[in-house]
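**Student:** I'm passing along run21.txt; it holds compact mmCIF, C-alpha atoms and all ligand atoms.
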# COMPACT_ATOMS: atom_id res chain seq x y z
CA MET A 1 105.83 25.41 139.05
CA ARG A 2 102.29 24.25 139.47
CA SER A 3 100.05 25.58 142.17
CA THR A 4 99.14 23.23 145.00
CA LEU A 5 95.59 23.14 143.69
CA CYS A 6 96.66 21.76 140.34
CA ARG A 7 99.45 19.54 141.48
CA PHE A 8 97.26 16.56 142.12
CA THR A 9 93.60 17.06 141.36
CA PRO A 10 91.62 13.83 141.35
CA VAL A 11 88.43 13.86 139.30
CA ALA A 12 86.26 13.90 142.42
CA VAL A 13 88.00 17.02 143.71
CA LEU A 14 87.63 18.71 140.33
CA ALA A 15 83.91 18.01 140.46
CA LEU A 16 83.64 19.65 143.88
CA LEU A 17 85.59 22.67 142.77
CA GLY A 18 83.55 23.00 139.61
CA THR A 19 84.66 25.43 136.95
CA ALA A 20 86.61 27.55 139.42
CA GLY A 21 88.94 24.62 140.01
CA LEU A 22 89.36 24.05 136.30
CA ALA A 23 89.99 27.69 135.59
CA ALA A 24 92.76 27.76 138.16
CA CYS A 25 94.49 24.97 136.25
CA SER A 26 94.09 26.41 132.78
CA SER A 27 96.29 28.58 130.68
CA GLY A 28 94.92 32.02 130.01
CA ASP A 29 94.36 32.46 126.29
CA SER A 30 94.74 36.18 126.79
CA ALA A 31 98.36 35.82 127.82
CA ALA A 32 100.56 37.40 125.18
CA GLY A 33 102.71 34.76 123.53
CA GLY A 34 105.68 35.12 125.83
CA GLY A 35 108.05 32.18 125.53
CA GLY A 36 107.12 29.57 128.11
CA GLY A 37 104.57 31.81 129.77
CA ASP A 38 103.72 31.22 133.40
CA ALA A 39 105.14 27.89 134.48
CA GLY A 40 102.15 27.54 136.80
CA ASP A 41 99.91 27.09 133.75
CA THR A 42 101.58 24.03 132.29
CA VAL A 43 100.04 20.57 132.37
CA SER A 44 102.47 18.10 133.91
CA VAL A 45 102.71 14.78 132.08
CA SER A 46 104.76 11.76 133.09
CA THR A 47 105.68 9.58 130.13
CA GLU A 48 107.15 6.14 130.24
CA VAL A 49 109.30 6.01 127.10
CA TYR A 50 110.51 8.38 124.40
CA PRO A 51 107.81 7.75 121.76
CA PHE A 52 105.16 8.93 124.22
CA THR A 53 107.31 11.87 125.35
CA TRP A 54 107.58 12.89 121.72
CA LEU A 55 103.83 12.54 121.12
CA VAL A 56 102.96 14.53 124.26
CA THR A 57 105.40 17.28 123.28
CA GLU A 58 104.17 17.43 119.68
CA ILE A 59 100.56 17.65 120.85
CA GLY A 60 100.92 19.78 123.97
CA GLY A 61 103.72 22.12 122.89
CA ASP A 62 104.47 24.81 125.47
CA ARG A 63 101.32 23.99 127.37
CA VAL A 64 102.75 20.76 128.73
CA GLU A 65 105.80 19.76 130.67
CA ALA A 66 106.70 16.17 129.89
CA ASN A 67 108.83 14.22 132.35
CA GLN A 68 110.09 10.93 131.00
CA LEU A 69 110.41 8.11 133.49
CA MET A 70 112.78 5.86 131.56
CA PRO A 71 116.30 7.30 131.52
CA ALA A 72 117.96 7.46 128.09
CA ASN A 73 119.80 4.22 127.35
CA ALA A 74 118.18 2.31 130.19
CA GLU A 75 116.53 -1.04 129.55
CA VAL A 76 112.83 -0.59 129.05
CA HIS A 77 111.67 -3.73 130.87
CA SER A 78 113.80 -3.34 133.96
CA PHE A 79 114.55 0.32 134.73
CA GLU A 80 113.92 1.54 138.27
CA LEU A 81 112.35 4.80 139.43
CA SER A 82 113.96 7.10 141.94
CA PRO A 83 111.82 8.18 144.96
CA ARG A 84 111.73 11.62 143.34
CA GLN A 85 110.30 10.15 140.11
CA VAL A 86 107.66 8.18 142.03
CA GLU A 87 106.62 11.42 143.72
CA GLN A 88 106.60 13.31 140.41
CA LEU A 89 104.47 10.60 138.79
CA GLY A 90 101.94 10.74 141.63
CA GLN A 91 101.70 14.52 141.29
CA ALA A 92 101.41 14.55 137.49
CA ASP A 93 98.19 15.70 135.83
CA LEU A 94 98.54 12.86 133.31
CA ALA A 95 100.65 9.76 132.78
CA VAL A 96 101.12 8.11 129.37
CA VAL A 97 102.23 4.50 129.78
CA THR A 98 101.70 0.94 128.59
CA ALA A 99 100.64 -1.31 131.46
CA ALA A 100 103.07 -4.20 131.99
CA VAL A 101 106.07 -2.60 130.26
CA SER A 102 107.74 -1.58 133.50
CA PRO A 103 106.88 -3.21 136.85
CA ALA A 104 108.32 -0.14 138.61
CA VAL A 105 105.96 2.27 136.82
CA ASP A 106 102.93 0.01 137.34
CA ALA A 107 103.67 -0.23 141.08
CA ALA A 108 104.17 3.53 141.41
CA ILE A 109 100.86 4.30 139.64
CA GLU A 110 99.02 1.90 141.90
CA GLN A 111 100.63 3.31 145.02
CA SER A 112 100.13 6.98 144.13
CA PRO A 113 97.90 7.53 141.08
CA PRO A 114 98.44 10.56 138.83
CA GLY A 115 95.46 12.78 137.90
CA ALA A 116 94.71 10.73 134.78
CA VAL A 117 96.31 7.85 132.89
CA VAL A 118 96.42 7.13 129.17
CA ASP A 119 97.25 3.42 128.97
CA VAL A 120 98.26 2.65 125.41
CA ALA A 121 97.42 -1.02 125.99
CA ASP A 122 93.76 0.09 126.21
CA ILE A 123 93.93 1.89 122.86
CA ILE A 124 95.66 -0.34 120.34
CA SER A 125 94.86 -3.94 119.36
CA LEU A 126 97.30 -5.93 121.44
CA ARG A 127 99.33 -8.73 119.97
CA TYR A 128 100.34 -11.79 121.95
CA ALA A 129 103.53 -13.80 121.85
CA ASP A 130 103.62 -16.43 119.14
CA ALA A 131 105.52 -19.71 119.33
CA HIS A 132 108.75 -18.10 118.18
CA GLU A 133 108.75 -15.56 120.96
CA HIS A 134 107.80 -17.69 123.95
CA ASP A 135 110.37 -17.83 126.64
CA GLU A 136 110.27 -21.43 127.74
CA GLU A 137 111.80 -20.91 131.14
CA ALA A 138 109.25 -18.22 131.90
CA GLU A 139 106.43 -20.49 130.77
CA GLU A 140 107.44 -23.20 133.18
CA ASP A 141 107.20 -20.71 136.01
CA ASP A 142 103.69 -20.75 137.51
CA GLY A 143 103.91 -17.03 138.16
CA HIS A 144 103.94 -16.18 134.46
CA ASP A 145 100.95 -15.43 132.33
CA HIS A 146 100.93 -17.72 129.30
CA GLU A 147 99.08 -15.05 127.38
CA GLU A 148 101.41 -12.15 128.02
CA PHE A 149 100.89 -9.41 125.47
CA ASP A 150 103.58 -7.69 123.50
CA THR A 151 104.27 -4.49 125.44
CA HIS A 152 106.18 -2.74 122.63
CA THR A 153 103.05 -0.77 121.80
CA TRP A 154 104.93 2.30 120.50
CA LEU A 155 106.00 0.22 117.51
CA ALA A 156 102.39 -0.43 116.49
CA LEU A 157 102.88 2.22 113.81
CA PRO A 158 99.46 2.03 112.09
CA GLU A 159 97.78 2.58 115.47
CA LEU A 160 99.84 5.50 116.72
CA PRO A 161 97.37 8.06 115.29
CA LYS A 162 94.79 6.64 117.72
CA VAL A 163 97.24 7.12 120.57
CA ALA A 164 97.82 10.72 119.45
CA THR A 165 94.08 11.37 119.47
CA ALA A 166 93.72 9.88 122.96
CA ILE A 167 96.55 12.04 124.32
CA GLY A 168 94.96 15.13 122.75
CA GLU A 169 91.61 14.31 124.33
CA ALA A 170 93.15 13.66 127.76
CA LEU A 171 95.02 16.97 127.64
CA ALA A 172 91.84 18.79 126.57
CA GLU A 173 89.96 17.35 129.53
CA ILE A 174 92.64 18.49 131.96
CA ASN A 175 93.10 21.89 130.30
CA PRO A 176 89.98 22.80 128.25
CA ASP A 177 91.43 26.19 127.27
CA GLY A 178 93.98 24.36 125.14
CA ALA A 179 91.50 21.94 123.56
CA ASP A 180 91.67 23.48 120.07
CA THR A 181 95.46 23.46 120.12
CA TYR A 182 95.63 19.85 121.29
CA GLN A 183 93.14 18.73 118.68
CA ALA A 184 94.91 20.54 115.85
CA ASN A 185 98.34 19.26 116.90
CA ALA A 186 97.07 15.71 117.36
CA ALA A 187 95.58 15.84 113.87
CA ALA A 188 98.87 17.14 112.40
CA VAL A 189 100.99 14.48 114.08
CA SER A 190 98.47 11.78 113.11
CA GLU A 191 98.81 12.82 109.49
CA ARG A 192 102.59 12.42 109.64
CA LEU A 193 102.18 9.03 111.34
CA THR A 194 99.75 7.90 108.67
CA GLU A 195 102.28 8.85 105.99
CA LEU A 196 104.91 6.87 107.90
CA ASP A 197 102.62 3.83 107.92
CA THR A 198 102.12 4.17 104.17
CA ALA A 199 105.89 4.39 103.64
CA TYR A 200 106.33 1.14 105.63
CA ARG A 201 103.49 -0.57 103.76
CA ASP A 202 104.87 0.40 100.35
CA GLY A 203 108.52 -0.04 101.31
CA LEU A 204 108.08 -3.55 102.71
CA ALA A 205 105.61 -4.81 100.11
CA THR A 206 108.10 -6.64 97.86
CA CYS A 207 111.13 -8.17 99.55
CA ASP A 208 113.48 -11.10 98.91
CA SER A 209 112.90 -12.34 102.45
CA ARG A 210 110.13 -11.76 104.99
CA VAL A 211 111.63 -13.65 107.95
CA PHE A 212 114.17 -12.15 110.32
CA LEU A 213 115.91 -13.11 113.51
CA ILE A 214 116.10 -10.59 116.35
CA THR A 215 117.88 -10.83 119.70
CA HIS A 216 115.00 -9.25 121.64
CA PRO A 217 111.62 -9.64 119.88
CA SER A 218 110.51 -6.02 120.08
CA PHE A 219 109.41 -5.66 116.44
CA GLY A 220 106.37 -7.94 116.53
CA TYR A 221 103.94 -5.08 115.87
CA VAL A 222 105.98 -4.04 112.85
CA ALA A 223 106.17 -7.65 111.63
CA ASP A 224 102.41 -8.14 112.03
CA ALA A 225 101.48 -4.86 110.38
CA TYR A 226 103.64 -5.36 107.30
CA ASP A 227 103.46 -9.11 106.86
CA LEU A 228 106.94 -10.00 108.10
CA GLU A 229 107.89 -12.68 110.58
CA GLN A 230 110.26 -12.18 113.49
CA ILE A 231 112.02 -14.98 115.33
CA GLY A 232 113.04 -13.74 118.76
CA VAL A 233 115.83 -15.13 120.87
CA THR A 234 114.71 -13.94 124.32
CA GLY A 235 111.26 -13.69 125.87
CA LEU A 236 108.99 -10.80 124.90
CA ASN A 237 109.20 -8.73 128.03
CA GLU A 238 112.76 -9.26 129.07
CA ASP A 239 116.13 -8.54 127.58
CA THR A 240 118.41 -10.98 129.33
CA GLU A 241 121.12 -13.15 127.88
CA PRO A 242 119.69 -16.42 126.56
CA SER A 243 121.13 -19.80 127.47
CA PRO A 244 123.41 -21.53 124.94
CA ALA A 245 120.65 -24.12 124.52
CA ARG A 246 118.19 -21.38 123.54
CA VAL A 247 120.67 -19.91 121.06
CA ALA A 248 121.14 -23.36 119.50
CA GLU A 249 117.38 -23.87 119.30
CA VAL A 250 116.85 -20.48 117.68
CA SER A 251 119.64 -21.15 115.19
CA LYS A 252 117.87 -24.30 114.06
CA LEU A 253 114.56 -22.52 113.80
CA ALA A 254 116.04 -19.62 111.85
CA GLU A 255 117.62 -22.02 109.40
CA ALA A 256 114.39 -23.97 108.97
CA GLU A 257 112.37 -20.78 108.42
CA GLY A 258 114.90 -19.30 106.06
CA ALA A 259 115.71 -16.21 108.11
CA SER A 260 118.17 -14.17 106.11
CA VAL A 261 119.20 -11.51 108.58
CA VAL A 262 119.65 -10.92 112.31
CA PHE A 263 118.76 -7.66 114.04
CA PHE A 264 119.58 -6.40 117.48
CA PRO A 265 117.80 -3.52 119.22
CA ALA A 266 120.02 -0.95 120.89
CA THR A 267 119.66 -2.29 124.42
CA SER A 268 120.33 -5.91 123.51
CA ASN A 269 123.69 -7.52 123.84
CA PRO A 270 125.21 -7.33 120.34
CA LYS A 271 127.38 -10.38 121.16
CA ILE A 272 124.33 -12.63 120.88
CA ALA A 273 123.63 -11.27 117.43
CA ASP A 274 127.27 -11.83 116.47
CA VAL A 275 127.14 -15.44 117.67
CA LEU A 276 123.99 -16.14 115.68
CA ALA A 277 125.30 -14.32 112.65
CA ALA A 278 128.50 -16.35 112.67
CA GLU A 279 126.66 -19.62 113.20
CA LEU A 280 124.17 -19.02 110.41
CA GLY A 281 126.25 -16.92 108.10
CA LEU A 282 123.93 -13.94 108.53
CA GLU A 283 124.57 -10.24 108.52
CA VAL A 284 124.02 -8.26 111.75
CA ASN A 285 121.87 -5.13 111.55
CA HIS A 286 120.89 -2.65 114.22
CA LEU A 287 117.25 -1.59 114.72
CA ASP A 288 116.22 1.25 117.02
CA GLU A 289 113.46 0.37 119.51
CA LEU A 290 112.72 4.12 119.69
CA THR A 291 112.61 4.09 123.50
CA ALA A 292 116.00 5.58 124.29
CA ALA A 293 116.27 8.54 121.93
CA GLU A 294 117.77 11.85 122.97
CA PRO A 295 115.21 14.54 123.85
CA GLY A 296 114.11 16.46 120.77
CA THR A 297 114.80 13.63 118.32
CA ASP A 298 112.13 13.36 115.64
CA LEU A 299 110.48 9.99 116.19
CA ILE A 300 109.38 9.75 112.59
CA ALA A 301 112.95 10.24 111.35
CA LEU A 302 114.08 7.41 113.64
CA ALA A 303 111.32 5.14 112.38
CA GLU A 304 112.31 6.01 108.80
CA GLU A 305 115.88 4.91 109.58
CA ASN A 306 114.50 1.58 110.78
CA LEU A 307 112.55 1.27 107.54
CA THR A 308 115.72 1.87 105.52
CA THR A 309 117.54 -0.80 107.57
CA LEU A 310 114.68 -3.30 107.16
CA ARG A 311 114.44 -2.68 103.43
CA GLY A 312 118.17 -3.10 102.91
CA ALA A 313 118.49 -6.20 105.07
CA LEU A 314 115.42 -7.94 103.66
CA GLY A 315 116.17 -7.00 100.07
CA CYS A 316 113.02 -4.98 99.41
CA SER A 317 112.56 -3.32 96.06
ZN ZN A 401 111.50 -4.89 124.77
Go ahead and render the structure in this file as structure tokens.
**Tutor:**
Amino acid sequence: MRSTLCRFTPVAVLALLGTAGLAACSSGDSAAGGGGGDAGDTVSVSTEVYPFTWLVTEIGGDRVEANQLMPANAEVHSFELSPRQVEQLGQADLAVVTAAVSPAVDAAIEQSPPGAVVDVADIISLRYADAHEHDEEAEEDDGHDHEEFDTHTWLALPELPKVATAIGEALAEINPDGADTYQANAAAVSERLTELDTAYRDGLATCDSRVFLITHPSFGYVADAYDLEQIGVTGLNEDTEPSPARVAEVSKLAEAEGASVVFFPATSNPKIADVLAAELGLEVNHLDELTAAEPGTDLIALAEENLTTLRGALGCS
């Protein structure tokens, strides 16, 4: 595991230690390519959700150890951290998160900051809830921000290359010996992500319908990027069961807007989708939010499955 020196090295301490401090935290390039190498040389990265775990692993390879905070199949807006995870996050060299996705992660970072933070909300152009996604009960509550942004930043596909670059730069700053590797890997993954964006752009260019209903409105970035319109049933940053009144309201809206299909992300309650589908005579389709994938899953393959589902459901040629 990491040496005490590297476990938590705030910038100010690094400055005091100068290059000696940095060298102690770096991987030796001279080390023969033994699998895994010295565990003490790895950069520890806490990631919030699977898309960032995947990016960090693609870019950092064996030089990084990524610890994902959200357990597989948990709910992204409401998962809790164990005391052990809070400690691990505070000791990490880097955290890759989106502020406001998880109150538990935000609180832990404030309480015990990791060495550095890449906040994806600072990198991409944020989108804000539109009229179809507002949760009216939340809006009546004084405690809620009327301009809450859409925290599903990992679905901002055209902007993920920028996120890859930022992760590569952050890793290079922490571990300059690996800078060339991080830059090359970030460039390679960015190229694949750019091809994915092109596939979405081409694949969703000509469709019978551009409006869809979704139980939890997590695909707003996809809708915005490729000129589709999502009508969400719940609020943006929650995944709770809506009231019957809300379901009725959304049904009316979907009918008026000519929504032809209803989607539900993995963590949503499929019953809601079934109710809406029955009421409106729509077909239910599953979309993957990409947050709960098994370790090692290729994110791009998952996103391609979503594209196939979208194309089929919307009748794209
Ligand atoms: Zn969500």
**Student:** With a cut-off of 12 Å, could you pull out the residues of chain A touching ligand ZN 401 (chain A) and give me the nearest pair of atoms for each, distance in Å to one decimal, using all atoms listed in the file, ordered by chain and ascending number, as JSON lines?
**Tutor:**
{"residue": "A:Val49", "atom": "CA", "partner": "A:ZN401", "partner_atom": "ZN", "distance": 11.4}
{"residue": "A:Ala74", "atom": "CA", "partner": "A:ZN401", "partner_atom": "ZN", "distance": 11.2}
{"residue": "A:Glu75", "atom": "CA", "partner": "A:ZN401", "partner_atom": "ZN", "distance": 7.9}
{"residue": "A:Val76", "atom": "CA", "partner": "A:ZN401", "partner_atom": "ZN", "distance": 6.2}
{"residue": "A:His77", "atom": "CA", "partner": "A:ZN401", "partner_atom": "ZN", "distance": 6.2}
{"residue": "A:Ser78", "atom": "CA", "partner": "A:ZN401", "partner_atom": "ZN", "distance": 9.6}
{"residue": "A:Phe79", "atom": "CA", "partner": "A:ZN401", "partner_atom": "ZN", "distance": 11.6}
{"residue": "A:Ala100", "atom": "CA", "partner": "A:ZN401", "partner_atom": "ZN", "distance": 11.1}
{"residue": "A:Val101", "atom": "CA", "partner": "A:ZN401", "partner_atom": "ZN", "distance": 8.1}
{"residue": "A:Ser102", "atom": "CA", "partner": "A:ZN401", "partner_atom": "ZN", "distance": 10.1}
{"residue": "A:Glu133", "atom": "CA", "partner": "A:ZN401", "partner_atom": "ZN", "distance": 11.7}
{"residue": "A:Phe149", "atom": "CA", "partner": "A:ZN401", "partner_atom": "ZN", "distance": 11.6}
{"residue": "A:Asp150", "atom": "CA", "partner": "A:ZN401", "partner_atom": "ZN", "distance": 8.5}
{"residue": "A:Thr151", "atom": "CA", "partner": "A:ZN401", "partner_atom": "ZN", "distance": 7.3}
{"residue": "A:His152", "atom": "CA", "partner": "A:ZN401", "partner_atom": "ZN", "distance": 6.1}
{"residue": "A:Thr153", "atom": "CA", "partner": "A:ZN401", "partner_atom": "ZN", "distance": 9.9}
{"residue": "A:Trp154", "atom": "CA", "partner": "A:ZN401", "partner_atom": "ZN", "distance": 10.6}
{"residue": "A:Leu155", "atom": "CA", "partner": "A:ZN401", "partner_atom": "ZN", "distance": 10.4}
{"residue": "A:Ile214", "atom": "CA", "partner": "A:ZN401", "partner_atom": "ZN", "distance": 11.2}
{"residue": "A:Thr215", "atom": "CA", "partner": "A:ZN401", "partner_atom": "ZN", "distance": 10.1}
{"residue": "A:His216", "atom": "CA", "partner": "A:ZN401", "partner_atom": "ZN", "distance": 6.4}
{"residue": "A:Pro217", "atom": "CA", "partner": "A:ZN401", "partner_atom": "ZN", "distance": 6.8}
{"residue": "A:Ser218", "atom": "CA", "partner": "A:ZN401", "partner_atom": "ZN", "distance": 4.9}
{"residue": "A:Phe219", "atom": "CA", "partner": "A:ZN401", "partner_atom": "ZN", "distance": 8.6}
{"residue": "A:Gly220", "atom": "CA", "partner": "A:ZN401", "partner_atom": "ZN", "distance": 10.2}
{"residue": "A:Tyr221", "atom": "CA", "partner": "A:ZN401", "partner_atom": "ZN", "distance": 11.7}
{"residue": "A:Gly232", "atom": "CA", "partner": "A:ZN401", "partner_atom": "ZN", "distance": 10.8}
{"residue": "A:Val233", "atom": "CA", "partner": "A:ZN401", "partner_atom": "ZN", "distance": 11.8}
{"residue": "A:Thr234", "atom": "CA", "partner": "A:ZN401", "partner_atom": "ZN", "distance": 9.6}
{"residue": "A:Gly235", "atom": "CA", "partner": "A:ZN401", "partner_atom": "ZN", "distance": 8.9}
{"residue": "A:Leu236", "atom": "CA", "partner": "A:ZN401", "partner_atom": "ZN", "distance": 6.4}
{"residue": "A:Asn237", "atom": "CA", "partner": "A:ZN401", "partner_atom": "ZN", "distance": 5.5}
{"residue": "A:Glu238", "atom": "CA", "partner": "A:ZN401", "partner_atom": "ZN", "distance": 6.3}
{"residue": "A:Asp239", "atom": "CA", "partner": "A:ZN401", "partner_atom": "ZN", "distance": 6.5}
{"residue": "A:Thr240", "atom": "CA", "partner": "A:ZN401", "partner_atom": "ZN", "distance": 10.3}
{"residue": "A:Phe264", "atom": "CA", "partner": "A:ZN401", "partner_atom": "ZN", "distance": 11.0}
{"residue": "A:Pro265", "atom": "CA", "partner": "A:ZN401", "partner_atom": "ZN", "distance": 8.5}
{"residue": "A:Ala266", "atom": "CA", "partner": "A:ZN401", "partner_atom": "ZN", "distance": 10.2}
{"residue": "A:Thr267", "atom": "CA", "partner": "A:ZN401", "partner_atom": "ZN", "distance": 8.6}
{"residue": "A:Ser268", "atom": "CA", "partner": "A:ZN401", "partner_atom": "ZN", "distance": 9.0}
{"residue": "A:Asp288", "atom": "CA", "partner": "A:ZN401", "partner_atom": "ZN", "distance": 11.0}
{"residue": "A:Glu289", "atom": "CA", "partner": "A:ZN401", "partner_atom": "ZN", "distance": 7.7}
{"residue": "A:Leu290", "atom": "CA", "partner": "A:ZN401", "partner_atom": "ZN", "distance": 10.4}
{"residue": "A:Thr291", "atom": "CA", "partner": "A:ZN401", "partner_atom": "ZN", "distance": 9.1}
{"residue": "A:Ala292", "atom": "CA", "partner": "A:ZN401", "partner_atom": "ZN", "distance": 11.4}
**Student:** To one decimal place, how far is atom CA of Glu304 of chain A from atom CA of Ala166 of chain A in Å?
**Tutor:**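 Atom CA of Ala166 of chain A lies 23.7 Å from atom CA of Glu304 of chain A.
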**Student:** For segment 179-234 of chain A against segment 295-300 of chain A, with a cut-off of 8 Å and counting only C-alpha atoms, what is the closest atom pair and its distance in Å to one decimal for every residue that makes the cut, ordered by chain and number, as CSV?
**Tutor:**
residue,atom,partner,partner_atom,distance
A:Arg192,CA,A:Ile300,CA,7.9
A:Leu193,CA,A:Ile300,CA,7.3
A:Leu196,CA,A:Ile300,CA,7.1
**Student:** Rank nothing, just name the residue among A:Pro158, A:Ile109, A:Ser260, A:Ala273 nearest to Glu87 of chain A, using all atoms listed in the file.
**Tutor:**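 The closest residue to Glu87 of chain A is A:Ile109.
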**Student:** Could you jot down the atom CA of Thr165 of chain A to atom CA of Glu48 of chain A separation for me, Å, one decimal place?
**Tutor:**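 According to the coordinates, atom CA of Thr165 of chain A and atom CA of Glu48 of chain A are separated by 17.7 Å.
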**Student:** Around the point (118.5, -5.5, 102.3) (coordinates from the file), which residues reach within 12 Å if we count only C-alpha atoms? Answer as number ranges by chain.
**Tutor:** A: 203-204, 206-210, 212, 260-263, 282-285, 306-317
**Student:** Would you export the selected residues with C-alpha atoms as a tab-separated table (two decimals), in the frame of the given file, please?
**Tutor:**
chain	number	residue	atom	x	y	z
A	203	GLY	CA	108.52	-0.04	101.31
A	204	LEU	CA	108.08	-3.55	102.71
A	206	THR	CA	108.10	-6.64	97.86
A	207	CYS	CA	111.13	-8.17	99.55
A	208	ASP	CA	113.48	-11.10	98.91
A	209	SER	CA	112.90	-12.34	102.45
A	210	ARG	CA	110.13	-11.76	104.99
A	212	PHE	CA	114.17	-12.15	110.32
A	260	SER	CA	118.17	-14.17	106.11
A	261	VAL	CA	119.20	-11.51	108.58
A	262	VAL	CA	119.65	-10.92	112.31
A	263	PHE	CA	118.76	-7.66	114.04
A	282	LEU	CA	123.93	-13.94	108.53
A	283	GLU	CA	124.57	-10.24	108.52
A	284	VAL	CA	124.02	-8.26	111.75
A	285	ASN	CA	121.87	-5.13	111.55
A	306	ASN	CA	114.50	1.58	110.78
A	307	LEU	CA	112.55	1.27	107.54
A	308	THR	CA	115.72	1.87	105.52
A	309	THR	CA	117.54	-0.80	107.57
A	310	LEU	CA	114.68	-3.30	107.16
A	311	ARG	CA	114.44	-2.68	103.43
A	312	GLY	CA	118.17	-3.10	102.91
A	313	ALA	CA	118.49	-6.20	105.07
A	314	LEU	CA	115.42	-7.94	103.66
A	315	GLY	CA	116.17	-7.00	100.07
A	316	CYS	CA	113.02	-4.98	99.41
A	317	SER	CA	112.56	-3.32	96.06
**Student:** Given all atoms listed in the file as the basis, pick out the residue of A:Glu305, A:Asp41, A:Glu249, A:Glu159 nearest to Ile174 of chain A.
**Tutor:** A:Asp41
**Student:** Near Glu65 of chain A, within 8 Å and counting all atoms listed in the file, which residues show up once chain neighbours fewer than 5 positions away are dropped, as JSON, numbers by chain?
**Tutor:** {"A": [42, 43, 44, 45, 57]}
**Student:** Could the residues in this selection be written to a file with C-alpha atoms, as a CSV table (one decimal), in the coordinates of the input?
**Tutor:**
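So part04.csv came out as:
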chain,number,residue,atom,x,y,z
A,42,THR,CA,101.6,24.0,132.3
A,43,VAL,CA,100.0,20.6,132.4
A,44,SER,CA,102.5,18.1,133.9
A,45,VAL,CA,102.7,14.8,132.1
A,57,THR,CA,105.4,17.3,123.3
**Student:** Between atom CA of Leu228 of chain A and atom CA of Val96 of chain A, measure the distance and give it in Å to one decimal.
**Tutor:** 28.5 Å
**Student:** Restricting the calculation to all atoms listed in the file, which member of A:Leu126, A:Ala121, A:Leu55, A:Ala245 is positioned closest to Asp224 of chain A?
**Tutor:**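 Among the listed residues, the smallest separation from Asp224 of chain A belongs to A:Leu126.
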**Student:** Determine the axis-aligned bounding box of all atoms of segment 178-182 of chain A present in the file, pad each side by 6 Å, and express its centre and edge lengths in Å to one decimal place as JSON.
**Tutor:**
{"center_x": 93.6, "center_y": 22.1, "center_z": 122.6, "size_x": 16.1, "size_y": 16.5, "size_z": 17.1}
**Student:** Identify, on the basis of only C-alpha atoms, every residue whose closest approach to Asp180 of chain A does not exceed 12 Å; exclude the query and any residue fewer than 4 positions from it along the same chain; express the result as a list of chain:residue names.
**Tutor:**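 What passes the distance filter is A:Asp29, A:Ile59, A:Gly60, A:Gly168, A:Glu169, A:Leu171, A:Ala172, A:Glu173, A:Asn175, A:Pro176, A:Ala184, A:Asn185, A:Ala186, A:Ala187.
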